[in-house]
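**Q** I'm passing along protein-v3.txt; it holds compact mmCIF, C-alpha atoms and all ligand atoms.
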# COMPACT_ATOMS: atom_id res chain seq x y z
CA MET A 29 -12.99 -6.20 19.60
CA SER A 30 -14.56 -9.65 19.79
CA SER A 31 -11.97 -12.38 20.15
CA ASN A 32 -13.10 -14.42 17.13
CA LEU A 33 -12.20 -11.47 14.91
CA MET A 34 -8.93 -10.66 16.63
CA ASP A 35 -7.13 -13.92 17.35
CA GLY A 36 -3.65 -14.35 15.89
CA PRO A 37 -1.04 -12.00 14.47
CA ARG A 38 -1.93 -8.33 14.13
CA VAL A 39 0.61 -7.50 11.43
CA ILE A 40 -0.33 -8.10 7.81
CA VAL A 41 2.78 -7.95 5.64
CA ALA A 42 2.06 -6.46 2.21
CA LEU A 43 3.70 -8.74 -0.37
CA ASP A 44 4.26 -5.95 -2.87
CA PHE A 45 6.66 -7.96 -5.03
CA PRO A 46 6.88 -8.16 -8.83
CA ASP A 47 6.36 -11.92 -9.19
CA GLY A 48 5.44 -15.16 -7.44
CA PRO A 49 8.92 -16.67 -6.98
CA THR A 50 10.22 -13.46 -5.33
CA ALA A 51 7.18 -13.36 -3.03
CA LEU A 52 7.50 -17.04 -2.08
CA LYS A 53 11.22 -16.70 -1.37
CA PHE A 54 10.41 -13.82 0.97
CA VAL A 55 7.55 -15.68 2.68
CA GLN A 56 9.67 -18.77 3.31
CA GLN A 57 11.99 -16.87 5.64
CA LEU A 58 9.16 -15.63 7.90
CA PRO A 59 8.76 -17.42 11.25
CA PRO A 60 5.44 -19.36 11.32
CA GLY A 61 2.65 -17.40 12.98
CA SER A 62 4.54 -14.10 12.93
CA CYS A 63 2.19 -12.31 10.52
CA ARG A 64 -0.59 -12.56 7.98
CA LEU A 65 0.02 -11.83 4.30
CA LYS A 66 -1.47 -9.38 1.84
CA VAL A 67 -1.56 -10.00 -1.89
CA GLY A 68 -2.29 -6.80 -3.76
CA LYS A 69 -2.65 -5.57 -7.30
CA GLU A 70 0.97 -5.88 -8.44
CA LEU A 71 1.54 -9.45 -7.26
CA PHE A 72 -1.94 -10.69 -8.17
CA THR A 73 -1.66 -9.26 -11.67
CA SER A 74 1.65 -10.99 -12.19
CA ALA A 75 1.23 -14.26 -10.27
CA GLY A 76 -2.55 -14.73 -10.36
CA PRO A 77 -4.91 -16.81 -8.23
CA GLU A 78 -2.58 -19.82 -8.20
CA LEU A 79 -0.17 -18.01 -5.86
CA VAL A 80 -3.06 -17.12 -3.55
CA ARG A 81 -4.13 -20.77 -3.46
CA GLN A 82 -0.55 -21.77 -2.74
CA LEU A 83 -0.21 -19.35 0.19
CA VAL A 84 -3.55 -20.50 1.60
CA ALA A 85 -2.48 -24.15 1.23
CA MET A 86 0.73 -23.32 3.14
CA GLY A 87 -1.53 -22.29 6.04
CA HIS A 88 -1.28 -18.49 5.69
CA ASP A 89 -4.13 -16.10 6.34
CA VAL A 90 -4.30 -14.14 3.08
CA PHE A 91 -5.77 -10.67 2.67
CA LEU A 92 -6.65 -10.32 -1.03
CA ASP A 93 -6.32 -6.58 -1.56
CA LEU A 94 -7.86 -5.92 -4.97
CA LYS A 95 -10.03 -2.99 -3.81
CA PHE A 96 -12.97 -3.86 -6.02
CA HIS A 97 -14.94 -0.84 -7.25
CA ASP A 98 -17.51 -1.44 -10.00
CA ILE A 99 -21.24 -1.94 -10.50
CA PRO A 100 -22.85 -4.05 -7.75
CA ASN A 101 -23.25 -7.24 -9.81
CA THR A 102 -19.64 -7.22 -10.99
CA VAL A 103 -18.25 -6.61 -7.49
CA ALA A 104 -20.49 -9.26 -5.96
CA ARG A 105 -19.28 -11.85 -8.46
CA ALA A 106 -15.64 -10.85 -7.97
CA CYS A 107 -16.06 -11.24 -4.19
CA GLY A 108 -17.63 -14.66 -4.70
CA ALA A 109 -14.65 -15.69 -6.84
CA ALA A 110 -12.20 -14.38 -4.22
CA ALA A 111 -13.97 -16.36 -1.50
CA GLN A 112 -13.47 -19.52 -3.57
CA LEU A 113 -9.71 -19.00 -3.22
CA GLY A 114 -10.01 -19.45 0.54
CA VAL A 115 -8.78 -15.97 1.47
CA TRP A 116 -9.17 -14.70 5.03
CA MET A 117 -9.93 -11.08 4.13
CA MET A 118 -10.83 -9.08 1.02
CA ASN A 119 -11.75 -5.48 0.29
CA VAL A 120 -13.88 -3.18 -1.83
CA HIS A 121 -13.85 0.63 -2.16
CA ALA A 122 -16.51 2.05 0.17
CA SER A 123 -16.90 4.92 -2.29
CA GLY A 124 -18.54 2.37 -4.61
CA GLY A 125 -21.61 3.05 -2.52
CA ARG A 126 -24.17 1.28 -0.39
CA ARG A 127 -25.71 -0.92 -3.09
CA MET A 128 -22.31 -2.13 -4.22
CA MET A 129 -21.24 -2.98 -0.66
CA GLU A 130 -24.55 -4.70 0.14
CA ALA A 131 -24.18 -6.84 -2.98
CA ALA A 132 -20.61 -7.75 -1.98
CA ALA A 133 -21.72 -8.72 1.54
CA ALA A 134 -24.61 -10.78 0.14
CA ALA A 135 -22.21 -12.66 -2.14
CA LEU A 136 -20.26 -13.87 0.92
CA LYS A 137 -23.15 -14.73 3.19
CA ASP A 138 -23.38 -18.32 1.98
CA CYS A 139 -19.75 -19.13 2.85
CA ASP A 140 -19.78 -21.42 5.86
CA GLY A 141 -18.93 -19.74 9.20
CA GLU A 142 -15.28 -20.70 9.67
CA ARG A 143 -14.32 -19.95 6.09
CA LYS A 144 -16.31 -16.74 5.58
CA PRO A 145 -13.77 -14.09 4.58
CA LEU A 146 -13.82 -10.72 6.31
CA LEU A 147 -15.14 -8.05 3.95
CA ILE A 148 -13.50 -4.68 4.44
CA GLY A 149 -14.26 -1.27 2.88
CA VAL A 150 -11.46 1.07 1.83
CA THR A 151 -12.28 4.60 3.00
CA VAL A 152 -9.83 7.37 2.02
CA LEU A 153 -6.48 6.02 0.82
CA THR A 154 -3.67 6.72 3.26
CA SER A 155 -1.69 8.38 0.47
CA MET A 156 -4.36 11.09 0.12
CA GLY A 157 -4.61 14.41 1.92
CA ALA A 158 -7.19 17.21 1.89
CA GLU A 159 -5.83 18.68 -1.36
CA ASP A 160 -6.12 15.36 -3.19
CA LEU A 161 -9.73 15.06 -2.01
CA ALA A 162 -10.53 18.61 -3.13
CA GLU A 163 -9.23 17.80 -6.62
CA ILE A 164 -11.80 15.03 -6.96
CA GLY A 165 -14.60 17.23 -5.65
CA VAL A 166 -14.62 16.10 -2.03
CA ASN A 167 -14.37 19.33 -0.08
CA VAL A 168 -14.08 18.00 3.45
CA GLU A 169 -11.16 16.96 5.63
CA PRO A 170 -10.01 13.34 5.15
CA ALA A 171 -11.18 12.41 8.67
CA ALA A 172 -14.74 13.54 7.90
CA GLN A 173 -14.84 11.59 4.64
CA VAL A 174 -13.39 8.50 6.35
CA GLU A 175 -16.08 8.71 9.02
CA ARG A 176 -18.84 9.03 6.44
CA LEU A 177 -17.61 6.07 4.37
CA ALA A 178 -16.97 3.90 7.46
CA GLN A 179 -20.51 4.47 8.70
CA LEU A 180 -21.87 3.60 5.26
CA ALA A 181 -19.71 0.45 5.18
CA LYS A 182 -21.07 -0.62 8.54
CA VAL A 183 -24.74 -0.17 7.63
CA SER A 184 -24.07 -1.94 4.33
CA GLY A 185 -23.04 -5.09 6.20
CA LEU A 186 -19.24 -4.97 5.93
CA ASP A 187 -17.03 -6.34 8.71
CA GLY A 188 -14.77 -3.33 8.90
CA VAL A 189 -12.78 -0.70 7.03
CA VAL A 190 -9.29 0.19 5.89
CA CYS A 191 -8.35 3.61 7.24
CA SER A 192 -5.32 5.55 8.34
CA PRO A 193 -4.25 4.87 11.93
CA ARG A 194 -4.86 8.57 12.50
CA GLU A 195 -8.57 7.92 12.18
CA ALA A 196 -8.65 4.68 14.18
CA GLY A 197 -9.44 6.25 17.56
CA GLN A 198 -12.36 8.24 16.25
CA LEU A 199 -13.81 5.25 14.33
CA ARG A 200 -13.35 2.84 17.23
CA ALA A 201 -15.35 5.17 19.46
CA GLN A 202 -18.09 5.72 16.89
CA LEU A 203 -18.46 2.25 15.38
CA GLY A 204 -17.89 -0.02 18.37
CA ASP A 205 -15.61 -2.88 19.26
CA ASP A 206 -16.86 -5.44 16.73
CA PHE A 207 -15.93 -3.41 13.67
CA VAL A 208 -12.53 -4.34 12.22
CA LEU A 209 -10.10 -1.47 11.62
CA VAL A 210 -7.28 -2.31 9.21
CA THR A 211 -4.61 0.36 9.08
CA PRO A 212 -1.90 0.80 6.45
CA GLY A 213 0.22 3.94 6.64
CA VAL A 214 2.11 2.47 9.59
CA ARG A 215 5.72 3.49 10.03
CA PRO A 216 8.10 2.55 12.87
CA ALA A 217 9.63 5.66 14.47
CA GLY A 218 12.23 7.19 12.17
CA ALA A 219 11.27 5.15 9.07
CA SER A 220 10.67 6.82 5.70
CA LYS A 221 7.04 7.75 4.97
CA ASP A 222 7.54 6.81 1.30
CA ASP A 223 4.35 7.86 -0.55
CA GLN A 224 2.14 7.61 2.56
CA THR A 225 0.67 10.85 3.93
CA ARG A 226 -1.36 9.99 7.05
CA VAL A 227 1.00 7.76 9.08
CA MET A 228 1.54 6.60 12.68
CA THR A 229 3.82 4.19 14.56
CA PRO A 230 2.72 0.56 15.17
CA ALA A 231 2.30 1.07 18.92
CA ASP A 232 0.26 4.25 18.53
CA ALA A 233 -1.95 2.63 15.88
CA ILE A 234 -2.81 -0.34 18.13
CA ARG A 235 -3.25 1.95 21.14
CA ASP A 236 -5.76 3.98 19.12
CA GLY A 237 -7.83 0.92 18.27
CA ALA A 238 -6.38 -0.51 15.04
CA GLY A 239 -7.14 -4.23 14.75
CA TYR A 240 -4.62 -5.10 12.05
CA LEU A 241 -1.60 -3.20 10.75
CA VAL A 242 -0.79 -3.48 7.05
CA ILE A 243 2.95 -2.98 6.69
CA GLY A 244 4.89 -3.28 3.46
CA ARG A 245 8.19 -1.57 2.74
CA PRO A 246 9.37 -1.14 6.36
CA VAL A 247 9.53 -4.98 6.42
CA THR A 248 9.91 -6.09 2.80
CA GLN A 249 12.66 -3.59 1.95
CA ALA A 250 14.48 -3.91 5.28
CA THR A 251 18.02 -5.26 5.22
CA ASP A 252 16.83 -7.89 7.69
CA PRO A 253 13.05 -8.34 7.18
CA VAL A 254 12.63 -10.95 9.94
CA SER A 255 14.22 -8.65 12.54
CA ALA A 256 12.14 -5.72 11.29
CA LEU A 257 8.94 -7.78 11.67
CA GLU A 258 9.99 -9.08 15.09
CA ALA A 259 10.71 -5.55 16.27
CA ILE A 260 7.22 -4.44 15.22
CA ASN A 261 5.61 -7.45 16.92
CA ALA A 262 7.61 -6.71 20.08
CA GLU A 263 6.57 -3.04 19.96
CA ILE A 264 2.86 -3.90 19.89
CA GLN A 265 2.85 -7.04 22.04
CA GLY A 266 2.24 -5.43 25.41
CA ILE A 267 -0.48 -3.17 24.05
CA VAL A 268 -2.28 -6.03 22.27
CA GLN A 269 -2.29 -8.08 25.48
CA GLY A 270 -3.89 -5.16 27.29
CA THR A 271 -6.72 -4.75 24.74
O1 LIG B 301 -5.99 -1.48 1.18
C1 LIG B 301 -4.80 -1.33 1.53
O2 LIG B 301 -4.15 -2.27 1.99
C2 LIG B 301 -4.25 0.05 1.48
C3 LIG B 301 -5.16 1.08 1.65
C4 LIG B 301 -4.68 2.38 1.86
O3 LIG B 301 -5.45 3.33 2.08
N1 LIG B 301 -3.33 2.60 1.83
C5 LIG B 301 -2.42 1.59 1.62
O4 LIG B 301 -1.20 1.85 1.64
N2 LIG B 301 -2.88 0.31 1.38
C6 LIG B 301 -1.92 -0.77 1.07
O5 LIG B 301 -1.05 -0.98 2.18
C7 LIG B 301 0.28 -1.26 1.74
C8 LIG B 301 1.20 -0.26 2.39
O6 LIG B 301 2.52 -0.54 2.04
P1 LIG B 301 3.73 0.29 2.65
O7 LIG B 301 3.45 1.76 2.42
O8 LIG B 301 4.92 -0.20 1.87
O9 LIG B 301 3.77 -0.05 4.12
C9 LIG B 301 0.26 -1.21 0.23
O10 LIG B 301 0.22 -2.56 -0.25
C10 LIG B 301 -1.02 -0.49 -0.14
O11 LIG B 301 -1.60 -1.00 -1.31
Produce structure tokens that represent the structure in this file.

**A**
Amino acid sequence: MSSNLMDGPRVIVALDFPDGPTALKFVQQLPPGSCRLKVGKELFTSAGPELVRQLVAMGHDVFLDLKFHDIPNTVARACGAAAQLGVWMMNVHASGGRRMMEAAAAALKDCDGERKPLLIGVTVLTSMGAEDLAEIGVNVEPAAQVERLAQLAKVSGLDGVVCSPREAGQLRAQLGDDFVLVTPGVRPAGASKDDQTRVMTPADAIRDGAGYLVIGRPVTQATDPVSALEAINAEIQGIVQGT
């Protein structure tokens, strides 16, 4: 992985909270530089772009996880609006297709170098297994569908993909070191899987080539979130230094 893409914390904490004040109260207890932050559908719908601007102004790297999936023009304009918020990373569903992803990438190409957000394609959601795919007419194993969508994302000009850590090794080998792999579905040993299906531990995910780990409930719902985050950072530290 090239160093410009991979400097800084590898853990992205998913701020899956019901409202802005609750999210900000949580964020204020985090040690500076210990993680990046993800604002997803629940929090964005309730707190809106102002909270994103606030987090960015506080100096946080924000992953705006709205998983855009629409006609190319609509997605391109949504990505342009997200870039205006100063976010560090944003995502679209790779299953929206090549033309949609190319339009999204084109919408970001005019952002100046330092501030150009990373554009990431969601492959197969980590909550989905083979049976879920079959029900929507995709009759292949999740890993095969992930591979197909990741390759399409790469040729469409995206910076990387969201995938399960279980697919990270295979994608790292196929797509090279400069393609960002963002992996949710990460669970410290012994933690509940919740609604995730394809999971792995933080250390194994990094070892297999994950660039960033998206972690929500194992940190946000922990009795002591700061200790939970520190334990994850300690678990991956030695492996990150070796990569
Ligand atoms: O795009 C994502 O971040 C995402 C993609 C995916 O395939 N699976 C997935 O869980 N996520 C997000 O990652 C976070 C995982 O949260 P926890 O399961 O609580 O760790 C949630 O905010 C999800 O929206």

**Q** Mind pulling up the distance from atom CA of Asp187 of chain A to atom CA of Ala133 of chain A?

**A**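 Computing it gives 8.9 Å between the two atoms.
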
**Q** To one decimal in Å, tell me the separation between atom CA of Cys63 of chain A and atom CA of Ala111 of chain A.

**A**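 Going from atom CA of Cys63 of chain A over to atom CA of Ala111 of chain A covers 20.5 Å.
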
**Q** Which is closer to Leu79 of chain A than all the others in A:Gly204, A:Gly61, A:Pro49, A:Pro100, using all atoms listed in the file?

**A**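 Among the listed residues, the smallest separation from Leu79 of chain A belongs to A:Pro49.
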
**Q** Let me see if you get this right: every residue at most 8 Å from ligand LIG 301 (chain B), counting only C-alpha atoms and all ligand atoms, written as a short mmCIF file (atom, residue, chain, number, x, y, z; two decimals) with C-alpha atoms, in the frame of the given file.

**A**
data_model
loop_
_atom_site.label_atom_id
_atom_site.label_comp_id
_atom_site.auth_asym_id
_atom_site.auth_seq_id
_atom_site.Cartn_x
_atom_site.Cartn_y
_atom_site.Cartn_z
CA ALA A 42 2.06 -6.46 2.21
CA LEU A 43 3.70 -8.74 -0.37
CA ASP A 44 4.26 -5.95 -2.87
CA LYS A 66 -1.47 -9.38 1.84
CA VAL A 67 -1.56 -10.00 -1.89
CA GLY A 68 -2.29 -6.80 -3.76
CA LYS A 69 -2.65 -5.57 -7.30
CA ASP A 93 -6.32 -6.58 -1.56
CA LEU A 94 -7.86 -5.92 -4.97
CA LYS A 95 -10.03 -2.99 -3.81
CA ASN A 119 -11.75 -5.48 0.29
CA VAL A 150 -11.46 1.07 1.83
CA THR A 151 -12.28 4.60 3.00
CA VAL A 152 -9.83 7.37 2.02
CA LEU A 153 -6.48 6.02 0.82
CA THR A 154 -3.67 6.72 3.26
CA SER A 155 -1.69 8.38 0.47
CA VAL A 190 -9.29 0.19 5.89
CA CYS A 191 -8.35 3.61 7.24
CA SER A 192 -5.32 5.55 8.34
CA VAL A 210 -7.28 -2.31 9.21
CA THR A 211 -4.61 0.36 9.08
CA PRO A 212 -1.90 0.80 6.45
CA GLY A 213 0.22 3.94 6.64
CA VAL A 214 2.11 2.47 9.59
CA ARG A 215 5.72 3.49 10.03
CA LYS A 221 7.04 7.75 4.97
CA ASP A 222 7.54 6.81 1.30
CA ASP A 223 4.35 7.86 -0.55
CA GLN A 224 2.14 7.61 2.56
CA VAL A 242 -0.79 -3.48 7.05
CA ILE A 243 2.95 -2.98 6.69
CA GLY A 244 4.89 -3.28 3.46
CA ARG A 245 8.19 -1.57 2.74
CA PRO A 246 9.37 -1.14 6.36
CA VAL A 247 9.53 -4.98 6.42
CA THR A 248 9.91 -6.09 2.80
#

**Q** Can you tell me, as number ranges by chain, which residues sit within 6 Å of (-15.9, 0.3, 6.3) in the file's frame, using all atoms listed in the file?

**A** A: 148-149, 178, 181-182, 188-189

**Q** Any chance you can output those residues with C-alpha atoms as a PDB file, keeping the file's coordinate frame?

**A**
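Generated file (again18.pdb):
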ATOM      1  CA  ILE A 148     -13.500  -4.680   4.440  1.00  0.00           C
ATOM      2  CA  GLY A 149     -14.260  -1.270   2.880  1.00  0.00           C
ATOM      3  CA  ALA A 178     -16.970   3.900   7.460  1.00  0.00           C
ATOM      4  CA  ALA A 181     -19.710   0.450   5.180  1.00  0.00           C
ATOM      5  CA  LYS A 182     -21.070  -0.620   8.540  1.00  0.00           C
ATOM      6  CA  GLY A 188     -14.770  -3.330   8.900  1.00  0.00           C
ATOM      7  CA  VAL A 189     -12.780  -0.700   7.030  1.00  0.00           C
TER       8      VAL A 189
END
